[in-house]
$ cat entry29.cif   # mmCIF, C-alpha atoms and all ligand atoms
data_query
loop_
_atom_site.group_PDB
_atom_site.id
_atom_site.type_symbol
_atom_site.label_atom_id
_atom_site.label_comp_id
_atom_site.auth_asym_id
_atom_site.auth_seq_id
_atom_site.Cartn_x
_atom_site.Cartn_y
_atom_site.Cartn_z
ATOM 1 C CA MET X 1 33.944 46.315 12.430
ATOM 2 C CA LEU X 2 31.304 48.677 13.834
ATOM 3 C CA PRO X 3 31.893 50.408 17.194
ATOM 4 C CA VAL X 4 29.041 49.799 19.611
ATOM 5 C CA VAL X 5 27.967 50.396 23.200
ATOM 6 C CA VAL X 6 25.382 48.097 24.828
ATOM 7 C CA VAL X 7 24.029 48.694 28.341
ATOM 8 C CA HIS X 8 21.645 46.909 30.719
ATOM 9 C CA GLY X 9 19.687 48.165 33.704
ATOM 10 C CA GLY X 10 19.194 44.821 35.401
ATOM 11 C CA ALA X 11 17.277 41.570 34.953
ATOM 12 C CA GLY X 12 13.995 40.954 36.764
ATOM 13 C CA HIS X 13 10.397 42.036 36.552
ATOM 14 C CA ILE X 14 10.182 45.781 36.088
ATOM 15 C CA PRO X 15 6.948 47.226 37.523
ATOM 16 C CA LYS X 16 4.816 49.024 34.917
ATOM 17 C CA GLU X 17 5.162 52.382 36.642
ATOM 18 C CA ARG X 18 8.963 52.139 36.418
ATOM 19 C CA ALA X 19 9.199 50.802 32.844
ATOM 20 C CA GLU X 20 9.437 54.151 31.101
ATOM 21 C CA SER X 21 12.071 55.650 33.392
ATOM 22 C CA SER X 22 14.066 52.442 33.230
ATOM 23 C CA THR X 23 14.010 52.486 29.417
ATOM 24 C CA SER X 24 14.903 56.176 29.200
ATOM 25 C CA GLY X 25 17.752 55.591 31.692
ATOM 26 C CA VAL X 26 19.393 52.848 29.643
ATOM 27 C CA CYS X 27 18.886 54.819 26.409
ATOM 28 C CA SER X 28 20.624 57.889 27.892
ATOM 29 C CA ALA X 29 23.490 55.752 29.204
ATOM 30 C CA ALA X 30 24.001 54.045 25.816
ATOM 31 C CA ARG X 31 23.997 57.440 24.085
ATOM 32 C CA ALA X 32 26.536 58.805 26.585
ATOM 33 C CA GLY X 33 28.831 55.814 26.088
ATOM 34 C CA TYR X 34 28.550 56.053 22.310
ATOM 35 C CA ALA X 35 29.341 59.790 22.406
ATOM 36 C CA VAL X 36 32.599 58.868 24.159
ATOM 37 C CA LEU X 37 33.478 56.500 21.288
ATOM 38 C CA GLN X 38 32.574 59.170 18.729
ATOM 39 C CA GLY X 39 34.858 61.599 20.530
ATOM 40 C CA GLY X 40 37.781 59.198 20.090
ATOM 41 C CA GLY X 41 37.534 57.556 23.530
ATOM 42 C CA SER X 42 38.352 53.897 24.107
ATOM 43 C CA SER X 43 35.857 51.127 24.804
ATOM 44 C CA MET X 44 36.978 51.320 28.473
ATOM 45 C CA ASP X 45 36.211 55.059 28.599
ATOM 46 C CA ALA X 46 32.799 54.361 27.041
ATOM 47 C CA VAL X 47 31.706 51.612 29.444
ATOM 48 C CA VAL X 48 32.824 53.604 32.506
ATOM 49 C CA GLU X 49 30.864 56.645 31.291
ATOM 50 C CA ALA X 50 27.723 54.591 30.574
ATOM 51 C CA VAL X 51 27.814 52.827 33.953
ATOM 52 C CA THR X 52 28.560 56.099 35.789
ATOM 53 C CA GLN X 53 25.333 57.488 34.310
ATOM 54 C CA LEU X 54 23.382 54.460 35.504
ATOM 55 C CA GLU X 55 24.947 54.666 38.989
ATOM 56 C CA ASN X 56 23.849 58.315 39.179
ATOM 57 C CA ASN X 57 20.284 57.410 38.193
ATOM 58 C CA PRO X 58 18.202 56.507 41.289
ATOM 59 C CA ARG X 59 16.021 54.161 39.204
ATOM 60 C CA PHE X 60 18.751 51.490 39.169
ATOM 61 C CA ASN X 61 20.282 49.190 41.773
ATOM 62 C CA ALA X 62 23.805 50.664 41.667
ATOM 63 C CA GLY X 63 25.350 53.786 43.167
ATOM 64 C CA CYS X 64 22.453 56.051 44.184
ATOM 65 C CA GLY X 65 19.450 53.667 44.224
ATOM 66 C CA SER X 66 21.339 50.639 45.547
ATOM 67 C CA VAL X 67 19.373 48.078 47.528
ATOM 68 C CA LEU X 68 20.154 47.843 51.253
ATOM 69 C CA ASN X 69 21.756 45.035 53.213
ATOM 70 C CA VAL X 70 19.979 43.435 56.162
ATOM 71 C CA LYS X 71 21.201 46.200 58.469
ATOM 72 C CA GLY X 72 19.848 48.906 56.158
ATOM 73 C CA ASP X 73 23.271 49.919 54.804
ATOM 74 C CA VAL X 74 24.576 50.296 51.236
ATOM 75 C CA GLU X 75 27.456 47.999 50.206
ATOM 76 C CA MET X 76 28.303 48.068 46.507
ATOM 77 C CA ASP X 77 30.342 45.922 44.093
ATOM 78 C CA ALA X 78 31.782 46.884 40.682
ATOM 79 C CA ILE X 79 34.186 45.612 38.035
ATOM 80 C CA VAL X 80 35.853 46.810 34.834
ATOM 81 C CA MET X 81 37.854 44.722 32.372
ATOM 82 C CA ASP X 82 39.917 45.683 29.344
ATOM 83 C CA GLY X 83 39.937 43.141 26.511
ATOM 84 C CA LYS X 84 43.245 44.300 25.034
ATOM 85 C CA SER X 85 45.430 43.407 28.034
ATOM 86 C CA LEU X 86 42.975 41.437 30.232
ATOM 87 C CA ALA X 87 43.627 44.110 32.866
ATOM 88 C CA SER X 88 40.821 44.230 35.400
ATOM 89 C CA GLY X 89 39.889 46.188 38.514
ATOM 90 C CA ALA X 90 37.110 45.659 41.020
ATOM 91 C CA VAL X 91 35.764 46.805 44.375
ATOM 92 C CA SER X 92 33.492 44.854 46.703
ATOM 93 C CA ALA X 93 31.334 45.772 49.710
ATOM 94 C CA VAL X 94 32.374 49.402 49.262
ATOM 95 C CA ARG X 95 30.508 52.193 51.096
ATOM 96 C CA ASN X 96 30.123 55.986 50.833
ATOM 97 C CA ILE X 97 31.259 56.174 47.181
ATOM 98 C CA ALA X 98 29.033 57.698 44.499
ATOM 99 C CA ASN X 99 30.613 55.826 41.592
ATOM 100 C CA PRO X 100 32.084 52.417 42.429
ATOM 101 C CA VAL X 101 32.768 51.788 38.723
ATOM 102 C CA GLN X 102 35.249 54.682 38.688
ATOM 103 C CA LEU X 103 36.947 53.316 41.793
ATOM 104 C CA ALA X 104 37.175 49.897 40.097
ATOM 105 C CA ARG X 105 38.907 51.563 37.180
ATOM 106 C CA LEU X 106 41.372 53.228 39.562
ATOM 107 C CA VAL X 107 42.120 49.804 41.090
ATOM 108 C CA MET X 108 42.925 48.592 37.569
ATOM 109 C CA ASP X 109 44.974 51.655 36.595
ATOM 110 C CA LYS X 110 46.785 52.466 39.860
ATOM 111 C CA THR X 111 47.377 49.194 41.711
ATOM 112 C CA SER X 112 48.865 45.796 40.967
ATOM 113 C CA HIS X 113 45.734 44.142 42.402
ATOM 114 C CA ALA X 114 42.489 42.981 40.832
ATOM 115 C CA CYS X 115 40.056 43.741 43.682
ATOM 116 C CA LEU X 116 39.937 45.855 46.842
ATOM 117 C CA THR X 117 37.236 45.316 49.419
ATOM 118 C CA ALA X 118 35.329 47.221 52.130
ATOM 119 C CA GLU X 119 37.491 49.489 54.339
ATOM 120 C CA GLY X 120 40.622 48.820 52.243
ATOM 121 C CA ALA X 121 38.770 50.075 49.173
ATOM 122 C CA SER X 122 37.662 53.168 51.128
ATOM 123 C CA GLN X 123 41.231 53.887 52.269
ATOM 124 C CA PHE X 124 42.430 53.581 48.670
ATOM 125 C CA ALA X 125 39.688 55.973 47.537
ATOM 126 C CA ARG X 126 40.651 58.490 50.234
ATOM 127 C CA ALA X 127 44.334 58.272 49.300
ATOM 128 C CA LEU X 128 43.433 59.118 45.699
ATOM 129 C CA GLY X 129 41.185 62.008 46.695
ATOM 130 C CA VAL X 130 37.926 60.323 45.628
ATOM 131 C CA PRO X 131 35.214 62.204 47.558
ATOM 132 C CA GLU X 132 33.309 60.321 50.246
ATOM 133 C CA VAL X 133 29.547 60.792 50.159
ATOM 134 C CA ASN X 134 27.021 60.511 52.946
ATOM 135 C CA GLN X 135 25.275 57.123 52.843
ATOM 136 C CA ASP X 136 21.888 58.870 52.884
ATOM 137 C CA SER X 137 22.649 60.381 49.474
ATOM 138 C CA LEU X 138 22.781 56.822 48.039
ATOM 139 C CA ILE X 139 19.508 55.630 49.599
ATOM 140 C CA THR X 140 16.139 56.181 47.925
ATOM 141 C CA GLU X 141 12.731 55.923 49.592
ATOM 142 C CA TYR X 142 12.021 52.976 47.266
ATOM 143 C CA ALA X 143 15.112 51.116 48.530
ATOM 144 C CA ARG X 144 14.126 51.792 52.156
ATOM 145 C CA MET X 145 10.572 50.563 51.529
ATOM 146 C CA ARG X 146 11.812 47.310 49.944
ATOM 147 C CA TRP X 147 14.268 46.773 52.791
ATOM 148 C CA ARG X 148 11.521 47.216 55.378
ATOM 149 C CA ASN X 149 9.148 44.870 53.493
ATOM 150 C CA ASN X 150 11.811 42.189 53.350
ATOM 151 C CA LEU X 151 12.441 42.311 57.101
ATOM 152 C CA GLN X 152 8.931 40.882 57.623
ATOM 153 C CA PRO X 153 8.734 37.223 58.700
ATOM 154 C CA GLY X 154 8.256 34.952 55.650
ATOM 155 C CA ALA X 155 9.724 37.453 53.166
ATOM 156 C CA ASN X 156 11.886 35.984 50.378
ATOM 157 C CA PRO X 157 14.429 38.639 49.360
ATOM 158 C CA VAL X 158 15.785 36.564 46.418
ATOM 159 C CA GLU X 159 12.329 36.242 44.858
ATOM 160 C CA SER X 160 11.544 39.810 45.693
ATOM 161 C CA GLN X 161 14.769 40.932 43.971
ATOM 162 C CA MET X 162 14.054 38.994 40.780
ATOM 163 C CA GLY X 163 10.627 40.577 40.973
ATOM 164 C CA LYS X 164 12.136 44.047 40.695
ATOM 165 C CA MET X 165 15.452 45.283 39.367
ATOM 166 C CA GLY X 166 19.123 44.378 39.327
ATOM 167 C CA THR X 167 22.584 45.391 38.532
ATOM 168 C CA VAL X 168 23.711 47.724 35.719
ATOM 169 C CA GLY X 169 26.401 47.163 33.109
ATOM 170 C CA ALA X 170 27.907 48.055 29.756
ATOM 171 C CA VAL X 171 30.020 46.434 27.045
ATOM 172 C CA ALA X 172 31.641 48.213 24.097
ATOM 173 C CA VAL X 173 33.826 47.819 21.026
ATOM 174 C CA ASP X 174 35.860 50.833 19.881
ATOM 175 C CA SER X 175 37.196 51.792 16.441
ATOM 176 C CA GLU X 176 40.405 49.829 17.099
ATOM 177 C CA GLY X 177 38.457 46.643 17.827
ATOM 178 C CA ASN X 178 39.190 46.743 21.560
ATOM 179 C CA VAL X 179 36.410 45.402 23.773
ATOM 180 C CA ALA X 180 35.664 46.291 27.417
ATOM 181 C CA CYS X 181 33.051 45.624 30.071
ATOM 182 C CA ALA X 182 31.872 47.331 33.275
ATOM 183 C CA THR X 183 29.290 46.152 35.827
ATOM 184 C CA SER X 184 28.090 47.806 39.047
ATOM 185 C CA THR X 185 25.536 46.837 41.703
ATOM 186 C CA GLY X 186 24.137 47.354 45.171
ATOM 187 C CA GLY X 187 23.849 43.545 45.240
ATOM 188 C CA MET X 188 20.956 41.488 46.544
ATOM 189 C CA LEU X 189 18.120 42.889 48.606
ATOM 190 C CA ASN X 190 18.594 42.439 52.393
ATOM 191 C CA LYS X 191 21.857 40.537 51.816
ATOM 192 C CA MET X 192 24.040 39.671 54.800
ATOM 193 C CA GLU X 193 26.547 42.334 55.761
ATOM 194 C CA GLY X 194 29.802 41.591 53.899
ATOM 195 C CA ARG X 195 28.120 39.484 51.206
ATOM 196 C CA VAL X 196 29.995 39.777 47.916
ATOM 197 C CA GLY X 197 28.153 38.786 44.754
ATOM 198 C CA ASP X 198 29.161 37.913 41.226
ATOM 199 C CA THR X 199 29.698 41.479 40.037
ATOM 200 C CA PRO X 200 33.322 42.062 41.174
ATOM 201 C CA CYS X 201 34.415 38.496 40.312
ATOM 202 C CA ILE X 202 36.290 38.184 37.020
ATOM 203 C CA GLY X 203 34.406 35.827 34.705
ATOM 204 C CA SER X 204 31.137 36.105 36.647
ATOM 205 C CA GLY X 205 30.014 39.762 36.698
ATOM 206 C CA GLY X 206 31.911 40.453 33.496
ATOM 207 C CA TYR X 207 34.754 39.464 31.224
ATOM 208 C CA ALA X 208 36.474 41.100 28.249
ATOM 209 C CA ASP X 209 38.981 39.583 25.844
ATOM 210 C CA ASN X 210 39.804 40.990 22.402
ATOM 211 C CA GLN X 211 40.159 37.397 21.177
ATOM 212 C CA SER X 212 36.475 36.600 21.788
ATOM 213 C CA GLY X 213 34.360 39.513 23.081
ATOM 214 C CA ALA X 214 32.957 41.105 26.216
ATOM 215 C CA VAL X 215 30.035 40.282 28.523
ATOM 216 C CA SER X 216 28.332 42.043 31.464
ATOM 217 C CA THR X 217 25.878 40.001 33.536
ATOM 218 C CA THR X 218 22.907 40.659 35.831
ATOM 219 C CA GLY X 219 20.737 38.370 37.938
ATOM 220 C CA HIS X 220 21.099 36.152 40.978
ATOM 221 C CA GLY X 221 24.774 36.495 41.867
ATOM 222 C CA GLU X 222 25.169 33.177 43.657
ATOM 223 C CA ALA X 223 23.876 31.338 40.559
ATOM 224 C CA ILE X 224 26.007 33.434 38.186
ATOM 225 C CA MET X 225 29.147 32.631 40.201
ATOM 226 C CA LYS X 226 28.450 28.896 40.166
ATOM 227 C CA VAL X 227 28.555 28.835 36.350
ATOM 228 C CA THR X 228 31.001 31.778 35.818
ATOM 229 C CA LEU X 229 28.419 33.062 33.370
ATOM 230 C CA ALA X 230 30.421 35.752 31.530
ATOM 231 C CA ARG X 231 33.373 33.452 30.861
ATOM 232 C CA LEU X 232 31.051 30.582 29.914
ATOM 233 C CA ILE X 233 29.451 32.726 27.200
ATOM 234 C CA LEU X 234 32.852 33.701 25.805
ATOM 235 C CA PHE X 235 33.859 30.028 25.808
ATOM 236 C CA HIS X 236 30.886 29.326 23.528
ATOM 237 C CA MET X 237 31.953 32.219 21.290
ATOM 238 C CA GLU X 238 35.464 30.751 21.100
ATOM 239 C CA GLN X 239 33.778 27.565 19.863
ATOM 240 C CA GLY X 240 32.244 29.544 16.982
ATOM 241 C CA GLN X 241 28.869 30.582 18.396
ATOM 242 C CA SER X 242 27.481 34.065 17.708
ATOM 243 C CA ALA X 243 27.117 36.579 20.551
ATOM 244 C CA GLU X 244 23.377 35.852 20.643
ATOM 245 C CA ALA X 245 23.599 32.050 20.513
ATOM 246 C CA ALA X 246 26.421 31.960 23.089
ATOM 247 C CA SER X 247 24.434 34.221 25.451
ATOM 248 C CA ASP X 248 21.391 31.948 25.160
ATOM 249 C CA LEU X 249 23.509 28.831 25.761
ATOM 250 C CA GLY X 250 25.069 30.358 28.893
ATOM 251 C CA LEU X 251 21.726 31.491 30.305
ATOM 252 C CA ALA X 252 20.075 28.136 29.522
ATOM 253 C CA TYR X 253 22.896 26.293 31.284
ATOM 254 C CA MET X 254 22.542 28.499 34.376
ATOM 255 C CA ARG X 255 18.803 27.859 34.427
ATOM 256 C CA SER X 256 19.027 24.094 34.002
ATOM 257 C CA ARG X 257 22.073 23.502 36.215
ATOM 258 C CA VAL X 258 21.389 25.800 39.197
ATOM 259 C CA GLU X 259 17.882 27.170 38.513
ATOM 260 C CA GLY X 260 19.354 30.632 38.096
ATOM 261 C CA LEU X 261 17.706 33.491 36.208
ATOM 262 C CA GLY X 262 19.447 36.524 34.801
ATOM 263 C CA GLY X 263 20.457 38.535 31.779
ATOM 264 C CA VAL X 264 23.540 39.451 29.770
ATOM 265 C CA ILE X 265 24.814 41.903 27.203
ATOM 266 C CA THR X 266 27.482 40.585 24.859
ATOM 267 C CA VAL X 267 29.664 41.924 22.032
ATOM 268 C CA ASP X 268 32.218 40.339 19.746
ATOM 269 C CA PRO X 269 35.254 42.280 18.459
ATOM 270 C CA GLN X 270 33.503 42.858 15.091
ATOM 271 C CA GLY X 271 30.688 44.759 16.779
ATOM 272 C CA GLN X 272 28.033 42.025 16.674
ATOM 273 C CA TRP X 273 26.019 42.355 19.862
ATOM 274 C CA ALA X 274 23.258 40.702 21.901
ATOM 275 C CA ALA X 275 21.011 41.567 24.862
ATOM 276 C CA ARG X 276 19.456 38.348 26.198
ATOM 277 C CA PHE X 277 17.723 37.335 29.425
ATOM 278 C CA SER X 278 15.918 34.438 31.102
ATOM 279 C CA SER X 279 14.175 36.700 33.640
ATOM 280 C CA ALA X 280 10.772 38.242 32.864
ATOM 281 C CA GLN X 281 12.379 41.490 31.705
ATOM 282 C CA MET X 282 15.648 43.353 31.353
ATOM 283 C CA SER X 283 15.978 46.978 30.315
ATOM 284 C CA TRP X 284 18.720 47.357 27.718
ATOM 285 C CA ALA X 285 19.881 49.693 24.939
ATOM 286 C CA ALA X 286 22.513 49.490 22.196
ATOM 287 C CA ALA X 287 23.986 52.415 20.224
ATOM 288 C CA GLN X 288 25.654 51.661 16.880
ATOM 289 C CA SER X 289 25.910 53.466 13.524
ATOM 290 C CA HIS X 290 23.717 56.356 14.686
ATOM 291 C CA THR X 291 20.911 53.961 15.567
ATOM 292 C CA LEU X 292 19.647 53.335 19.072
ATOM 293 C CA HIS X 293 18.048 49.932 19.712
ATOM 294 C CA TYR X 294 16.296 49.262 23.011
ATOM 295 C CA GLY X 295 13.896 46.902 24.725
ATOM 296 C CA LEU X 296 12.443 45.518 27.914
ATOM 297 C CA TYR X 297 10.661 42.291 26.947
ATOM 298 C CA THR X 298 11.729 39.024 25.313
ATOM 299 C CA GLY X 299 11.166 38.739 21.563
ATOM 300 C CA GLU X 300 12.447 40.574 18.518
ATOM 301 C CA HIS X 301 9.079 42.262 17.954
ATOM 302 C CA PHE X 302 9.560 44.056 21.272
ATOM 303 C CA THR X 303 12.859 45.610 20.176
ATOM 304 C CA GLN X 304 12.559 49.237 19.112
ATOM 305 C CA SER X 305 15.030 51.214 16.992
ATOM 306 C CA ILE X 306 15.374 54.927 16.401
ATOM 307 C CA GLN X 307 17.726 56.899 14.166
ATOM 308 C CA GLU X 308 19.945 59.318 16.049
ATOM 309 C CA PRO X 309 21.049 62.704 14.640
ATOM 310 C CA HIS X 310 24.572 62.628 13.080
HETATM 311 N N1 LIG F 401 24.096 40.193 40.274
HETATM 312 C C1 LIG F 401 24.216 41.057 41.363
HETATM 313 C C2 LIG F 401 24.367 40.397 42.655
HETATM 314 O O1 LIG F 401 23.878 39.295 42.850
HETATM 315 O O2 LIG F 401 24.984 40.952 43.535
#

$ encode --input "entry29.cif" --output "structure tokens"
Amino acid sequence: MLPVVVVHGGAGHIPKERAESSTSGVCSAARAGYAVLQGGGSSMDAVVEAVTQLENNPRFNAGCGSVLNVKGDVEMDAIVMDGKSLASGAVSAVRNIANPVQLARLVMDKTSHACLTAEGASQFARALGVPEVNQDSLITEYARMRWRNNLQPGANPVESQMGKMGTVGAVAVDSEGNVACATSTGGMLNKMEGRVGDTPCIGSGGYADNQSGAVSTTGHGEAIMKVTLARLILFHMEQGQSAEAASDLGLAYMRSRVEGLGGVITVDPQGQWAARFSSAQMSWAAAQSHTLHYGLYTGEHFTQSIQEPH
């Protein structure tokens, strides 16, 4: 079994001028997660660290950089899940928090619930001393520009979203063979206020079970929820499919059944991993055995690998 951390920076079409920063962002996050494993941290510690890095990077639609809802506000969703115990924590429609993934972990660790939403999630954060941040610190000029463009008559925010960038996530296997997943998002561009997507829903935005593996998803949340994409992929792995084949089967089903596009990162407890997508692109990176693999386009010839210093 080989410990591994795999991350994604969202499915969609990544504009040329953002390709390099997107790739360097996922590579840094995968390295950070892997460093946690090397330091003796658990797979849960590793995925939370990797996703925290992506939330702090304004290039991605999560944390700082989140897309805006129709009123121009930031409402974020996040989930974590631990494959050893099936413990899970999530937050939905949460505001004024820099790192929703860390709040999701606190929901898992400190409550008997699986998900806290909106003002209740904020009250919980306050009670635990999680700092509130000004909404403006989460909003980029790019997010404001896309919000404004999608207020125009005839705009199609769903198409526009798949034409840019999505959610972030990570999956990992640690040296004890425990798997974990974490996913975080600002959701869909110009969504209705209060809209909750797939990300905080167990089995849709992510799932982790030491008996099969872990998955983090990205793409059109309403489609992902209809097919419970993360759990569907693990079902195929339980039937004997590899991480890669199961990911492709899940994505193909979502496309044929509900015309949904997206992407996934998947690991099995032995450290086999996959980064697969039906969208035009998905930025992803995987760190394992002092090698960093990364890519943006479909096709093995587009995957790059570099040796990392020991
Ligand atoms: N997959 C992210 C969302 O639809 O909210």

$ axis_aligned_box --input "entry29.cif" --around "ligand LIG 401 (chain F)" --padding-each-side "6 Å" --output "lines of an AutoDock Vina configuration file"
center_x = 24.4
center_y = 40.2
center_z = 41.9
size_x = 13.1
size_y = 13.8
size_z = 15.3

$ residues_around --input "entry29.cif" --residues "region 176-178 of chain X" --least-positions-apart "6" --cutoff "8 Å" --atoms "only C-alpha atoms" --output "list in words"
Met1, Pro3, Ser42, Ser43, Asp82, Gly83, Lys84, Asn210, Pro269 and Gln270 of chain X

$ residues_near_ligand --input "entry29.cif" --ligand "ligand LIG 401 (chain F)" --cutoff "7 Å" --atoms "all atoms listed in the file" --output "MDAnalysis selection string"
chainID X and resid 166:167 185:188 196:199 205 217:222

$ resolve_selection --input "entry29.cif" --expression "the PyMOL selection byres (((chain X and resi 224) around 12) and not hetatm)" --output "MDAnalysis selection string"
chainID X and resid 197:206 216:223 225:233 250:255 257:264

$ write_last_selection --input "entry29.cif" --atoms "C-alpha atoms" --output "PDB file, in the coordinates of the input"
ATOM      1  CA  GLY X 197      28.153  38.786  44.754  1.00  0.00           C
ATOM      2  CA  ASP X 198      29.161  37.913  41.226  1.00  0.00           C
ATOM      3  CA  THR X 199      29.698  41.479  40.037  1.00  0.00           C
ATOM      4  CA  PRO X 200      33.322  42.062  41.174  1.00  0.00           C
ATOM      5  CA  CYS X 201      34.415  38.496  40.312  1.00  0.00           C
ATOM      6  CA  ILE X 202      36.290  38.184  37.020  1.00  0.00           C
ATOM      7  CA  GLY X 203      34.406  35.827  34.705  1.00  0.00           C
ATOM      8  CA  SER X 204      31.137  36.105  36.647  1.00  0.00           C
ATOM      9  CA  GLY X 205      30.014  39.762  36.698  1.00  0.00           C
ATOM     10  CA  GLY X 206      31.911  40.453  33.496  1.00  0.00           C
ATOM     11  CA  SER X 216      28.332  42.043  31.464  1.00  0.00           C
ATOM     12  CA  THR X 217      25.878  40.001  33.536  1.00  0.00           C
ATOM     13  CA  THR X 218      22.907  40.659  35.831  1.00  0.00           C
ATOM     14  CA  GLY X 219      20.737  38.370  37.938  1.00  0.00           C
ATOM     15  CA  HIS X 220      21.099  36.152  40.978  1.00  0.00           C
ATOM     16  CA  GLY X 221      24.774  36.495  41.867  1.00  0.00           C
ATOM     17  CA  GLU X 222      25.169  33.177  43.657  1.00  0.00           C
ATOM     18  CA  ALA X 223      23.876  31.338  40.559  1.00  0.00           C
ATOM     19  CA  MET X 225      29.147  32.631  40.201  1.00  0.00           C
ATOM     20  CA  LYS X 226      28.450  28.896  40.166  1.00  0.00           C
ATOM     21  CA  VAL X 227      28.555  28.835  36.350  1.00  0.00           C
ATOM     22  CA  THR X 228      31.001  31.778  35.818  1.00  0.00           C
ATOM     23  CA  LEU X 229      28.419  33.062  33.370  1.00  0.00           C
ATOM     24  CA  ALA X 230      30.421  35.752  31.530  1.00  0.00           C
ATOM     25  CA  ARG X 231      33.373  33.452  30.861  1.00  0.00           C
ATOM     26  CA  LEU X 232      31.051  30.582  29.914  1.00  0.00           C
ATOM     27  CA  ILE X 233      29.451  32.726  27.200  1.00  0.00           C
ATOM     28  CA  GLY X 250      25.069  30.358  28.893  1.00  0.00           C
ATOM     29  CA  LEU X 251      21.726  31.491  30.305  1.00  0.00           C
ATOM     30  CA  ALA X 252      20.075  28.136  29.522  1.00  0.00           C
ATOM     31  CA  TYR X 253      22.896  26.293  31.284  1.00  0.00           C
ATOM     32  CA  MET X 254      22.542  28.499  34.376  1.00  0.00           C
ATOM     33  CA  ARG X 255      18.803  27.859  34.427  1.00  0.00           C
ATOM     34  CA  ARG X 257      22.073  23.502  36.215  1.00  0.00           C
ATOM     35  CA  VAL X 258      21.389  25.800  39.197  1.00  0.00           C
ATOM     36  CA  GLU X 259      17.882  27.170  38.513  1.00  0.00           C
ATOM     37  CA  GLY X 260      19.354  30.632  38.096  1.00  0.00           C
ATOM     38  CA  LEU X 261      17.706  33.491  36.208  1.00  0.00           C
ATOM     39  CA  GLY X 262      19.447  36.524  34.801  1.00  0.00           C
ATOM     40  CA  GLY X 263      20.457  38.535  31.779  1.00  0.00           C
ATOM     41  CA  VAL X 264      23.540  39.451  29.770  1.00  0.00           C
TER      42      VAL X 264
END

$ closest_residue --input "entry29.cif" --among "X:Leu106, X:Gly89, X:Met76, X:Ala11" --to "Ala127 (chain X)" --atoms "only C-alpha atoms"
X:Leu106
